[in-house]
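Structure record follows, encoded as structure tokens.
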Amino acid sequence: KEYKMRGSIRIYVNRETKGIYSLKEYKTQVGFWRVMGNLVSVSRNNLKESILIGIKESLDSYEKTIEKTDPFRQSPYKTWNRFFKYHDSISCEYYVQTKEYRIALKIRDEKTHSYGSPLPGCEFTLTENEFDEKFDEIMDFLINKVKMIK
């Protein structure tokens, strides 16, 4: 059993336009992580506030039964594979027991159309105060790491 209750939200950055979407996740009763709600377009100016609200909603939904959604079908991309082609993923998680945030730009796996472990040098563990102080600087750094489509 996982010992750390956590809230989670994914930030997707468009590889052409640098546009930002957020998508909340929650942990199911059987221990899987699943997305909830729809992709939400977020301006860079409102990103921190959006993440904090999303993490709170993720924690509020922890181990509850939530209606399943297909956010990628609702998006202009229609499928996960097409969405994946155009977006990189930044995970933002909050660990309740340690009161820490973890932010990471994930490695892309083109074969499986999935995101894996953090890119080297692109993972940050922050206290609540550090999150407040360094969030903008870290997000600018990670967003600038998103590679344009060739």
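Residue names in the structure tokens use chain letters A, B, ... in the order shown, residue numbers from 1 in each chain, and ligand numbers from 1 in the order shown.
Proximity to Lys56 of chain A at 10 Å, evaluated using only C-alpha atoms and with sequence-adjacent residues fewer than 5 positions away removed, yields Arg6, Gly7, Ser8, Ile9, Lys24, Ser50, Ile51, Ser61, Tyr62 and Tyr94 of chain A.
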### Message
Can you tell me which residues surround Met5 of chain A at a distance of at most 10 Å, considering only C-alpha atoms, apart from same-chain residues fewer than 2 positions away, and format the answer as a PyMOL selection string?
### Response
chain A and resi 2-3+7+27+59+62-63+94-98
### Message
Show me, as a ChimeraX atom specification, the residues that have an atom within 12 Å of Cys92 of chain A when counting only C-alpha atoms, minus same-chain residues fewer than 4 positions from it.
### Response
/A:6-12,22-25,47-48,50-56,58,100-106,118,123-126,131,135,138-139,142
Dump N, CA, C and O atoms for the selected residues as a short mmCIF file (atom, residue, chain, number, x, y, z; two decimals), in the first residue's frame?
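Saved to out26.cif:
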data_model
loop_
_atom_site.label_atom_id
_atom_site.label_comp_id
_atom_site.auth_asym_id
_atom_site.auth_seq_id
_atom_site.Cartn_x
_atom_site.Cartn_y
_atom_site.Cartn_z
N ARG A 6 -1.42 11.70 -1.97
CA ARG A 6 -0.95 12.82 -2.78
C ARG A 6 -2.02 13.28 -3.76
O ARG A 6 -2.88 12.50 -4.15
N GLY A 7 -1.91 14.55 -4.11
CA GLY A 7 -2.74 15.12 -5.15
C GLY A 7 -1.89 15.28 -6.39
O GLY A 7 -0.68 15.51 -6.29
N SER A 8 -2.52 15.13 -7.55
CA SER A 8 -1.74 15.14 -8.78
C SER A 8 -2.47 15.87 -9.89
O SER A 8 -3.69 15.75 -10.04
N ILE A 9 -1.70 16.60 -10.66
CA ILE A 9 -2.24 17.27 -11.84
C ILE A 9 -1.16 17.22 -12.92
O ILE A 9 0.04 17.26 -12.61
N ARG A 10 -1.58 17.04 -14.14
CA ARG A 10 -0.65 17.04 -15.27
C ARG A 10 -0.80 18.34 -16.03
O ARG A 10 -1.92 18.79 -16.28
N ILE A 11 0.33 18.88 -16.41
CA ILE A 11 0.35 20.07 -17.25
C ILE A 11 0.88 19.60 -18.61
O ILE A 11 1.92 18.95 -18.68
N TYR A 12 0.17 19.92 -19.66
CA TYR A 12 0.60 19.57 -21.01
C TYR A 12 0.95 20.85 -21.73
O TYR A 12 0.15 21.79 -21.75
N SER A 22 -4.22 21.83 -18.47
CA SER A 22 -4.09 21.06 -17.24
C SER A 22 -5.12 19.94 -17.23
O SER A 22 -6.17 20.04 -17.88
N LEU A 23 -4.80 18.88 -16.52
CA LEU A 23 -5.69 17.74 -16.39
C LEU A 23 -5.48 17.14 -15.01
O LEU A 23 -4.36 16.76 -14.65
N LYS A 24 -6.57 17.07 -14.24
CA LYS A 24 -6.48 16.54 -12.87
C LYS A 24 -6.45 15.02 -12.90
O LYS A 24 -7.02 14.40 -13.78
N GLU A 25 -5.80 14.46 -11.89
CA GLU A 25 -5.76 13.01 -11.70
C GLU A 25 -6.22 12.71 -10.28
O GLU A 25 -6.14 13.55 -9.40
N LEU A 47 -1.34 29.81 -14.05
CA LEU A 47 -0.94 28.43 -13.91
C LEU A 47 -0.79 28.00 -12.45
O LEU A 47 -1.28 26.94 -12.06
N LYS A 48 -0.12 28.80 -11.62
CA LYS A 48 0.08 28.40 -10.22
C LYS A 48 -1.25 28.21 -9.52
O LYS A 48 -1.48 27.19 -8.86
N SER A 50 -4.17 27.62 -10.84
CA SER A 50 -4.85 26.48 -11.43
C SER A 50 -4.31 25.16 -10.87
O SER A 50 -5.08 24.23 -10.58
N ILE A 51 -3.01 25.07 -10.71
CA ILE A 51 -2.39 23.86 -10.15
C ILE A 51 -2.83 23.66 -8.70
O ILE A 51 -3.19 22.55 -8.30
N LEU A 52 -2.82 24.71 -7.91
CA LEU A 52 -3.22 24.57 -6.51
C LEU A 52 -4.67 24.13 -6.38
O LEU A 52 -4.99 23.26 -5.55
N ILE A 53 -5.55 24.68 -7.20
CA ILE A 53 -6.96 24.27 -7.19
C ILE A 53 -7.09 22.82 -7.65
O ILE A 53 -7.81 22.02 -7.04
N GLY A 54 -6.38 22.46 -8.71
CA GLY A 54 -6.43 21.09 -9.23
C GLY A 54 -5.93 20.07 -8.23
O GLY A 54 -6.51 18.99 -8.07
N ILE A 55 -4.86 20.39 -7.51
CA ILE A 55 -4.33 19.48 -6.50
C ILE A 55 -5.34 19.31 -5.37
O ILE A 55 -5.56 18.20 -4.87
N LYS A 56 -5.98 20.39 -4.96
CA LYS A 56 -7.01 20.29 -3.92
C LYS A 56 -8.15 19.37 -4.38
O LYS A 56 -8.60 18.50 -3.63
N SER A 58 -7.95 17.02 -6.63
CA SER A 58 -7.39 15.67 -6.70
C SER A 58 -7.41 15.03 -5.31
O SER A 58 -7.82 13.87 -5.16
N GLU A 100 5.25 18.35 0.62
CA GLU A 100 6.18 18.67 -0.46
C GLU A 100 5.49 18.62 -1.81
O GLU A 100 4.59 17.80 -2.02
N TYR A 101 5.96 19.48 -2.69
CA TYR A 101 5.53 19.46 -4.09
C TYR A 101 6.64 18.83 -4.91
O TYR A 101 7.83 19.07 -4.64
N ARG A 102 6.26 18.07 -5.92
CA ARG A 102 7.23 17.55 -6.89
C ARG A 102 6.76 17.95 -8.27
O ARG A 102 5.62 17.69 -8.65
N ILE A 103 7.65 18.60 -8.99
CA ILE A 103 7.35 19.08 -10.35
C ILE A 103 8.40 18.47 -11.27
O ILE A 103 9.60 18.54 -10.96
N ALA A 104 7.96 17.87 -12.38
CA ALA A 104 8.93 17.23 -13.28
C ALA A 104 8.43 17.25 -14.72
O ALA A 104 7.26 16.98 -14.99
N LEU A 105 9.35 17.55 -15.63
CA LEU A 105 9.10 17.38 -17.06
C LEU A 105 9.45 15.94 -17.39
O LEU A 105 10.54 15.47 -17.08
N LYS A 106 8.50 15.23 -18.00
CA LYS A 106 8.64 13.79 -18.24
C LYS A 106 9.28 13.48 -19.59
O LYS A 106 9.10 14.21 -20.56
N PRO A 118 11.27 11.39 -15.06
CA PRO A 118 11.64 12.79 -15.33
C PRO A 118 12.89 12.89 -16.21
O PRO A 118 13.79 12.06 -16.12
N GLU A 123 13.57 17.79 -12.59
CA GLU A 123 12.70 17.35 -11.49
C GLU A 123 13.04 18.16 -10.25
O GLU A 123 14.22 18.34 -9.92
N PHE A 124 12.00 18.66 -9.59
CA PHE A 124 12.19 19.54 -8.43
C PHE A 124 11.29 19.08 -7.29
O PHE A 124 10.11 18.82 -7.51
N THR A 125 11.86 19.00 -6.09
CA THR A 125 11.09 18.74 -4.88
C THR A 125 11.15 20.00 -4.04
O THR A 125 12.25 20.51 -3.76
N LEU A 126 9.98 20.51 -3.67
CA LEU A 126 9.90 21.82 -3.03
C LEU A 126 9.03 21.78 -1.78
O LEU A 126 7.99 21.11 -1.77
N PHE A 131 7.75 26.27 -3.10
CA PHE A 131 6.80 26.21 -4.21
C PHE A 131 6.29 27.61 -4.50
O PHE A 131 6.27 28.06 -5.65
N PHE A 135 8.06 28.79 -7.97
CA PHE A 135 7.19 28.18 -8.98
C PHE A 135 7.38 28.77 -10.37
O PHE A 135 7.60 28.05 -11.33
N ILE A 138 10.76 27.92 -11.99
CA ILE A 138 10.84 26.50 -12.38
C ILE A 138 9.97 26.23 -13.60
O ILE A 138 10.39 25.55 -14.54
N MET A 139 8.74 26.76 -13.60
CA MET A 139 7.86 26.50 -14.75
C MET A 139 8.41 27.14 -16.02
O MET A 139 8.36 26.52 -17.09
N LEU A 142 11.11 24.76 -17.22
CA LEU A 142 10.57 23.53 -17.80
C LEU A 142 9.86 23.79 -19.13
O LEU A 142 10.04 23.03 -20.09
#
### Task
DSSP on the backbone, then: every residue of segment 4-149 of chain A marked strand (DSSP E), written as a PyMOL selection string.
chain A and resi 6-14+20-27+33-42+87-95+100-109+114-127
### Message
Could you list, as a list of chain:residue names, every residue within 10 Å of Ile20 of chain A, counting only C-alpha atoms and ignoring same-chain residues fewer than 6 positions away?
### Response
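Selected residues are A:Ile11, A:Tyr12, A:Val13, A:Asn14, A:Leu39, A:Val40, A:Ser41, A:Val42, A:Ser43, A:Arg44, A:Leu47, A:His87, A:Asp88, A:Ser89, A:Ile143.
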Could you take the residues named above and write them with all heavy atoms, as a CSV table (one decimal), in the first residue's frame?
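Final output, saved to selection_9.csv:
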chain,number,residue,atom,x,y,z
A,11,ILE,N,0.3,18.9,-16.4
A,11,ILE,CA,0.4,20.1,-17.3
A,11,ILE,C,0.9,19.6,-18.6
A,11,ILE,O,1.9,18.9,-18.7
A,11,ILE,CB,1.3,21.2,-16.7
A,11,ILE,CG1,0.8,21.5,-15.2
A,11,ILE,CG2,1.4,22.4,-17.6
A,11,ILE,CD1,-0.6,22.0,-15.1
A,12,TYR,N,0.2,19.9,-19.7
A,12,TYR,CA,0.6,19.6,-21.0
A,12,TYR,C,0.9,20.9,-21.7
A,12,TYR,O,0.1,21.8,-21.7
A,12,TYR,CB,-0.5,18.8,-21.8
A,12,TYR,CG,-0.8,17.5,-21.1
A,12,TYR,CD1,-1.9,17.3,-20.3
A,12,TYR,CD2,0.1,16.4,-21.4
A,12,TYR,CE1,-2.1,16.0,-19.8
A,12,TYR,CE2,-0.2,15.1,-20.8
A,12,TYR,CZ,-1.3,15.0,-20.0
A,12,TYR,OH,-1.5,13.7,-19.4
A,13,VAL,N,2.1,20.9,-22.3
A,13,VAL,CA,2.6,22.1,-23.0
A,13,VAL,C,2.7,21.7,-24.5
A,13,VAL,O,3.3,20.8,-24.9
A,13,VAL,CB,4.0,22.5,-22.5
A,13,VAL,CG1,4.4,23.8,-23.3
A,13,VAL,CG2,3.9,22.8,-21.0
A,14,ASN,N,2.0,22.5,-25.4
A,14,ASN,CA,2.0,22.3,-26.8
A,14,ASN,C,3.3,22.6,-27.3
A,14,ASN,O,3.9,23.6,-27.1
A,14,ASN,CB,0.9,23.2,-27.5
A,14,ASN,CG,0.8,22.9,-28.9
A,14,ASN,OD1,1.7,23.2,-29.7
A,14,ASN,ND2,-0.4,22.4,-29.3
A,39,LEU,N,-9.6,18.4,-20.2
A,39,LEU,CA,-8.4,19.2,-20.4
A,39,LEU,C,-8.9,20.7,-20.3
A,39,LEU,O,-9.9,21.0,-20.9
A,39,LEU,CB,-7.8,19.0,-21.8
A,39,LEU,CG,-7.0,17.8,-22.0
A,39,LEU,CD1,-6.8,17.6,-23.5
A,39,LEU,CD2,-5.7,17.9,-21.4
A,40,VAL,N,-8.1,21.5,-19.5
A,40,VAL,CA,-8.5,22.9,-19.3
A,40,VAL,C,-7.3,23.7,-19.9
A,40,VAL,O,-6.2,23.5,-19.4
A,40,VAL,CB,-8.7,23.2,-17.8
A,40,VAL,CG1,-9.0,24.6,-17.6
A,40,VAL,CG2,-9.9,22.3,-17.3
A,41,SER,N,-7.6,24.6,-20.8
A,41,SER,CA,-6.6,25.5,-21.3
A,41,SER,C,-6.3,26.5,-20.2
A,41,SER,O,-7.3,27.1,-19.5
A,41,SER,CB,-7.2,26.3,-22.5
A,41,SER,OG,-6.2,27.2,-23.0
A,42,VAL,N,-5.1,26.8,-19.9
A,42,VAL,CA,-4.7,27.6,-18.8
A,42,VAL,C,-3.7,28.7,-19.3
A,42,VAL,O,-2.7,28.3,-20.0
A,42,VAL,CB,-4.0,26.8,-17.6
A,42,VAL,CG1,-3.6,27.7,-16.5
A,42,VAL,CG2,-4.9,25.7,-17.2
A,43,SER,N,-3.9,29.9,-18.9
A,43,SER,CA,-2.9,30.9,-19.3
A,43,SER,C,-1.7,30.8,-18.4
A,43,SER,O,-1.8,30.3,-17.2
A,43,SER,CB,-3.5,32.3,-19.2
A,43,SER,OG,-3.6,32.7,-17.9
A,44,ARG,N,-0.5,31.2,-18.8
A,44,ARG,CA,0.7,31.1,-18.0
A,44,ARG,C,0.5,31.9,-16.7
A,44,ARG,O,1.0,31.5,-15.7
A,44,ARG,CB,1.9,31.6,-18.9
A,44,ARG,CG,3.2,31.6,-18.1
A,44,ARG,CD,3.7,30.2,-17.8
A,44,ARG,NE,4.9,30.3,-16.9
A,44,ARG,CZ,4.8,30.4,-15.6
A,44,ARG,NH1,3.7,30.5,-14.9
A,44,ARG,NH2,6.0,30.4,-14.9
A,47,LEU,N,-1.3,29.8,-14.0
A,47,LEU,CA,-0.9,28.4,-13.9
A,47,LEU,C,-0.8,28.0,-12.4
A,47,LEU,O,-1.3,26.9,-12.1
A,47,LEU,CB,0.4,28.2,-14.7
A,47,LEU,CG,0.8,26.7,-14.8
A,47,LEU,CD1,-0.3,25.8,-15.4
A,47,LEU,CD2,2.1,26.6,-15.6
A,87,HIS,N,2.2,17.4,-27.5
A,87,HIS,CA,2.4,17.9,-26.2
A,87,HIS,C,3.5,17.2,-25.4
A,87,HIS,O,3.6,16.0,-25.5
A,87,HIS,CB,1.1,17.8,-25.4
A,87,HIS,CG,0.0,18.7,-26.0
A,87,HIS,ND1,-0.8,18.3,-27.1
A,87,HIS,CD2,-0.4,19.9,-25.6
A,87,HIS,CE1,-1.6,19.3,-27.4
A,87,HIS,NE2,-1.4,20.3,-26.5
A,88,ASP,N,4.2,17.9,-24.5
A,88,ASP,CA,5.0,17.4,-23.5
A,88,ASP,C,4.3,17.5,-22.2
A,88,ASP,O,3.4,18.3,-22.0
A,88,ASP,CB,6.4,18.1,-23.4
A,88,ASP,CG,7.3,17.7,-24.6
A,88,ASP,OD1,7.1,16.6,-25.2
A,88,ASP,OD2,8.3,18.5,-24.8
A,89,SER,N,4.7,16.7,-21.2
A,89,SER,CA,4.0,16.6,-19.9
A,89,SER,C,4.9,17.0,-18.8
A,89,SER,O,6.0,16.5,-18.6
A,89,SER,CB,3.5,15.1,-19.7
A,89,SER,OG,2.9,15.0,-18.5
A,143,ILE,N,9.1,24.8,-19.2
A,143,ILE,CA,8.4,25.2,-20.5
A,143,ILE,C,9.4,25.5,-21.6
A,143,ILE,O,9.2,25.1,-22.7
A,143,ILE,CB,7.4,26.3,-20.2
A,143,ILE,CG1,6.2,25.8,-19.4
A,143,ILE,CG2,6.9,26.9,-21.6
A,143,ILE,CD1,5.3,26.9,-18.9
### Task
Report the residues of chain A whose backbone DSSP state falls under helix (DSSP H, G or I), written as a PyMOL selection string.
chain A and resi 44-60+71-74+80-86+128-145
### Task
Considering only C-alpha atoms, state which residue in the set A:Glu93, A:Glu16, A:Glu57, A:Asp140 is at the smallest distance from Glu128 of chain A.
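Under the stated criterion, the closest residue is A:Glu93.
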